[in-house]
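Colleague: To start, I am sharing the structure in question, which I have written as structure tokens.
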Amino acid sequence: MSFEQMWASLLPIGRDAATGGYHRYAWRPAELECRAWFVDQARQRGLEVEQDRNGNLFAWWRPERGRPRDHDGVRRAPVLEGDAGVREQVHDHGGRRGGRGGAVLTGSHLDSVPGGGAFDGPLGVVSALAAIDRLRERGRTPARPIGVAVFAEEEGARFGIACLGSRLLTGAIDPARARGLRDGDGVTLADALSAGGVDPEAIGRDDELLGRIGCFVELHVEQGRALDVPVGVASAIWPHGRWRLDFHGEGNHAGTTRLGDRRDPMLPFAATVLAARQSAERHDALATIGKVHVTPGGVNAIPSHVAAWLDARGPDERAVLATVEQIERAAEKAAGEHGVMAAMTRESDTEIVSFDRALRDRLAGAIARDGERRPPVLPTGAGHDAGILAAHVPTAMLFVRNPTGVSHAPAEHAEPADCLAGVEALTAVLDDLACDPSPAT
């Protein structure tokens with residue numbers, strides 16, 4: 001199945017026909033259908049499928065070791081589930097390819113933000129499968145395993161923590177805390193995992209799996225308009241984080257309570273939204289309040305409680321910290337002026353991630369050798385699973401041009417020709433990192 005055919009088969013899943021946006025939340029039906037799609041695509045290619053104990057999926061193309069082949073010459077392997085996954089350590093002790101040896105991992109995620117675009121995450125997964133197809137068409141075989149990953153709950157749209165699957169894998173979040181996370185309906189992550197066939201008591205850092213990964217290369221649609229060519233290479237991810245704001249006031253009747261008698265939490269909340277914009281401008285950072293819950297939520301009722309979530313990012317940690325501290329002070333000041341209690345709680349934060357320079361340069365060189373000019377190198381303000389894994393294995397990213405610059409919205413887009421250029425670039429990278437050198441001619 002070609003890239004175009006795979007893309008067309010995945011495109012309808014979780015799409016809102018009215019808006020064109022996607023609603024693929026972790027462990028909900030649409031995302032589960034996407035996961036089943038991935039397993040089916042992997043099985044069609046004879047790849048070994050492993051679901052780790054954190055709910056992340058991996059499809060492995062391994063060096064041949066005498067296993068039987070079907071009549072079409074492709075090795076067929078069973079689908080492996082849960083902890084029954086592949087357990088051997090694979091290392092290239094000569095260190096000839098990819099730095100420290102082990103598997104070359106690529107892939108991305110299949111979940112989405114509310115009303116998100118089609119490309120954020122899925123482009124990296126479909127491109128990875130297409131790159132394996134191209135390597136096989138060219139008669140290339142891996143000298144070290146190539147894996148395609150689908151990380152769980154990357155967007156954090158359901159349980160509030162971005163890159164949750166990769167954070168659990170690497171130990172970046174406490175398993176007990178993760179099990180207790182709740183979605184908007186009060187369902188815990190533990191319950192969602194159990195319903196999805198994952199043992200919630202087994203989640204957490206997986207040193208055995210991490211030890212099998214030699215490097216990770218994630219292809220992703222660009223989430224901005226910095227690229228003026230089809231493919232670029234990431235240099236770094238800006239520091240970023242999420243904070244919860246709670247404003248506790250007094251619920252009352254909208255038609256009988258005098259303005260001077262009100263303890264309305266919406267007023268300091270509104271002031272805080274404006275303060276976030278002003279603080280971000282002052283510190284050359286980014287601050288967004290895009291999610292809010294109002295209790296009780298009646299048109300004719302003064303709210304008793306407002307919960308809101310702040311997303312803050314910047315070119316360095318100092319800018320982000322200064323922005324958030326100023327927003328917190330503004331929230332407390334506004335709350336005090338209206339007889340409301342305010343509190344800010346950090347839910348997640350990620351320091352600046354600088355991708356492995358040697359691996360980054362190797363990617364650029366592999367793409368240039370494939371007949372393309374050396375790709376530009378650029379930072380991004382968007383978080384990715386690659387940013388979580390970067391603290392544990394050499395990691396790099398490829399970006400595919402987004403002509404609209406829009407992301408996390410239905411207008412997110414990449415031209416078909418640019419998508420295919422991304423596949424070609426990833427193919428060249430995987431060939432360079434994982435396959436034997438071409439025989440001398």
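The way I read the labels, and the way they are meant: chains A, B, ... in the order of the structure tokens, residue 1 as the first residue of every chain, and ligand 1 as the first ligand shown, with later ones counted on from there.
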Would you list the contacts of A:Gly365 as a ChimeraX atom specification, taking every protein, DNA or RNA residue within 10 Å and counting only C-alpha atoms, but skipping same-chain residues closer than 6 positions in sequence?
Modeller: /A:359,372-375,428-429,432
Colleague: Could you write those residues out with all heavy atoms, as a compact mmCIF listing (two decimals), in the first residue's frame?
Modeller:
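After the write, part20.txt holds the following:
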# COMPACT_ATOMS: atom_id res chain seq x y z
N LEU A 359 23.93 13.41 15.53
CA LEU A 359 22.85 12.75 14.81
C LEU A 359 22.16 13.73 13.87
O LEU A 359 21.82 13.39 12.73
CB LEU A 359 21.85 12.16 15.81
CG LEU A 359 20.67 11.39 15.21
CD1 LEU A 359 21.16 10.22 14.37
CD2 LEU A 359 19.74 10.90 16.32
N GLU A 372 19.43 15.89 -2.58
CA GLU A 372 18.81 17.14 -2.15
C GLU A 372 19.88 18.08 -1.59
O GLU A 372 20.96 17.64 -1.20
CB GLU A 372 17.75 16.87 -1.08
CG GLU A 372 16.64 15.96 -1.53
CD GLU A 372 15.75 16.58 -2.57
OE1 GLU A 372 15.68 17.83 -2.62
OE2 GLU A 372 15.12 15.84 -3.36
N ARG A 373 19.55 19.38 -1.53
CA ARG A 373 20.47 20.30 -0.88
C ARG A 373 20.40 20.08 0.62
O ARG A 373 19.42 19.54 1.14
CB ARG A 373 20.11 21.74 -1.23
CG ARG A 373 18.88 22.29 -0.53
CD ARG A 373 18.70 23.76 -0.87
NE ARG A 373 17.66 24.36 -0.07
CZ ARG A 373 17.31 25.64 -0.13
NH1 ARG A 373 17.93 26.44 -0.97
NH2 ARG A 373 16.36 26.11 0.64
N ARG A 374 21.43 20.49 1.32
CA ARG A 374 21.47 20.29 2.76
C ARG A 374 20.29 21.03 3.40
O ARG A 374 20.10 22.23 3.16
CB ARG A 374 22.79 20.81 3.33
CG ARG A 374 23.12 20.27 4.71
CD ARG A 374 24.55 20.61 5.09
NE ARG A 374 24.88 20.08 6.40
CZ ARG A 374 25.34 18.86 6.61
NH1 ARG A 374 25.50 18.03 5.58
NH2 ARG A 374 25.63 18.44 7.83
N PRO A 375 19.48 20.34 4.20
CA PRO A 375 18.26 20.97 4.73
C PRO A 375 18.57 22.02 5.78
O PRO A 375 19.59 21.96 6.48
CB PRO A 375 17.51 19.78 5.35
CG PRO A 375 18.59 18.82 5.72
CD PRO A 375 19.63 18.95 4.65
N ALA A 428 16.17 7.91 3.31
CA ALA A 428 17.62 8.10 3.24
C ALA A 428 18.24 8.02 4.64
O ALA A 428 19.32 7.44 4.83
CB ALA A 428 17.95 9.43 2.59
N VAL A 429 17.56 8.59 5.62
CA VAL A 429 18.08 8.59 6.99
C VAL A 429 18.11 7.18 7.56
O VAL A 429 19.10 6.74 8.16
CB VAL A 429 17.21 9.52 7.87
CG1 VAL A 429 17.49 9.29 9.34
CG2 VAL A 429 17.47 10.97 7.50
N ASP A 432 20.84 5.14 5.97
CA ASP A 432 22.15 5.51 6.48
C ASP A 432 22.39 4.98 7.90
O ASP A 432 23.48 4.51 8.22
CB ASP A 432 22.29 7.03 6.47
CG ASP A 432 23.64 7.48 7.01
OD1 ASP A 432 24.66 7.17 6.38
OD2 ASP A 432 23.65 8.15 8.05
Colleague: List as a VMD selection string the protein and nucleic acid residues near stretch 236-248 of chain A, meaning an atom at most 8 Å away when only C-alpha atoms are counted, but skip any in the same chain fewer than 6 places from it.
Modeller: chain A and resid 265 to 266 268 to 269 304 to 317 320 335 340 to 355 378 to 383 387
Colleague: Between atom CA of A:Ala59 and atom CA of A:His384, what is the distance in Å, rounded to a tenth?
Modeller: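 Straight-line distance from atom CA of A:Ala59 to atom CA of A:His384 works out to 19.5 Å.
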Colleague: Would you tabulate, counting only C-alpha atoms, all residues of stretch 141-227 of chain A that have an atom at most 8 Å from an atom of stretch 396-402 of chain A, showing the closest pair of atoms and their distance in Å to one decimal, sorted by chain then ascending number, as a tab-separated table?
Modeller:
residue	atom	partner	partner_atom	distance
A:Phe216	CA	A:Ala396	CA	6.5
A:Val217	CA	A:Ala396	CA	4.9
A:Glu218	CA	A:Met397	CA	4.8
A:Leu219	CA	A:Leu398	CA	4.6
A:His220	CA	A:Phe399	CA	5.1
A:Val221	CA	A:Val400	CA	4.7
A:Glu222	CA	A:Phe399	CA	5.1
A:Gln223	CA	A:Asn402	CA	6.9
A:Gly224	CA	A:Asn402	CA	6.8
A:Arg225	CA	A:Asn402	CA	6.3
A:Leu227	CA	A:Arg401	CA	5.6
Colleague: Could those selected residues go to a file with N, CA and C atoms, as a PDB file, in the first residue's frame?
Modeller:
ATOM      1  N   PHE A 216      16.513   7.789  18.063  1.00  0.00           N
ATOM      2  CA  PHE A 216      15.126   8.038  17.668  1.00  0.00           C
ATOM      3  C   PHE A 216      15.090   9.228  16.729  1.00  0.00           C
ATOM      4  N   VAL A 217      14.427   9.045  15.586  1.00  0.00           N
ATOM      5  CA  VAL A 217      14.262  10.105  14.594  1.00  0.00           C
ATOM      6  C   VAL A 217      12.765  10.264  14.342  1.00  0.00           C
ATOM      7  N   GLU A 218      12.203  11.396  14.725  1.00  0.00           N
ATOM      8  CA  GLU A 218      10.774  11.641  14.546  1.00  0.00           C
ATOM      9  C   GLU A 218      10.541  12.608  13.395  1.00  0.00           C
ATOM     10  N   LEU A 219       9.731  12.192  12.448  1.00  0.00           N
ATOM     11  CA  LEU A 219       9.306  13.092  11.371  1.00  0.00           C
ATOM     12  C   LEU A 219       7.976  13.708  11.774  1.00  0.00           C
ATOM     13  N   HIS A 220       7.828  15.022  11.541  1.00  0.00           N
ATOM     14  CA  HIS A 220       6.630  15.729  11.988  1.00  0.00           C
ATOM     15  C   HIS A 220       6.338  16.872  11.039  1.00  0.00           C
ATOM     16  N   VAL A 221       5.056  17.180  10.865  1.00  0.00           N
ATOM     17  CA  VAL A 221       4.712  18.376  10.102  1.00  0.00           C
ATOM     18  C   VAL A 221       5.214  19.599  10.871  1.00  0.00           C
ATOM     19  N   GLU A 222       5.739  20.585  10.151  1.00  0.00           N
ATOM     20  CA  GLU A 222       6.168  21.813  10.808  1.00  0.00           C
ATOM     21  C   GLU A 222       4.945  22.516  11.393  1.00  0.00           C
ATOM     22  N   GLN A 223       5.096  23.054  12.582  1.00  0.00           N
ATOM     23  CA  GLN A 223       3.980  23.737  13.237  1.00  0.00           C
ATOM     24  C   GLN A 223       4.252  25.236  13.276  1.00  0.00           C
ATOM     25  N   GLY A 224       4.461  25.770  12.092  1.00  0.00           N
ATOM     26  CA  GLY A 224       4.781  27.172  11.900  1.00  0.00           C
ATOM     27  C   GLY A 224       5.087  27.380  10.427  1.00  0.00           C
ATOM     28  N   ARG A 225       5.670  28.530  10.100  1.00  0.00           N
ATOM     29  CA  ARG A 225       5.961  28.845   8.697  1.00  0.00           C
ATOM     30  C   ARG A 225       7.424  29.205   8.497  1.00  0.00           C
ATOM     31  N   LEU A 227       9.833  27.095   7.443  1.00  0.00           N
ATOM     32  CA  LEU A 227      10.453  26.356   6.345  1.00  0.00           C
ATOM     33  C   LEU A 227      10.051  26.940   5.001  1.00  0.00           C
TER      34      LEU A 227
END
Colleague: If I take atom CA of A:Glu64 and atom CA of A:Pro142, how far is one from the other in Å, to one decimal?
Modeller: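 Answer for the atom CA of A:Glu64 to atom CA of A:Pro142 separation: 8.3 Å.
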Colleague: Set the distance at 9 Å and use only C-alpha atoms: which residues neighbour A:Gly251 once local chain neighbours fewer than 4 positions away are removed? I'd like the list as JSON, numbers by chain.
Modeller: {"A": [262, 263, 264, 295, 296, 301, 302, 303, 304, 305]}
Colleague: Taking only C-alpha atoms into account, which of A:Arg362, A:Arg277, A:Arg369, A:Arg182 comes nearest A:Ala330?
Modeller: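 Nearest to A:Ala330: A:Arg277.
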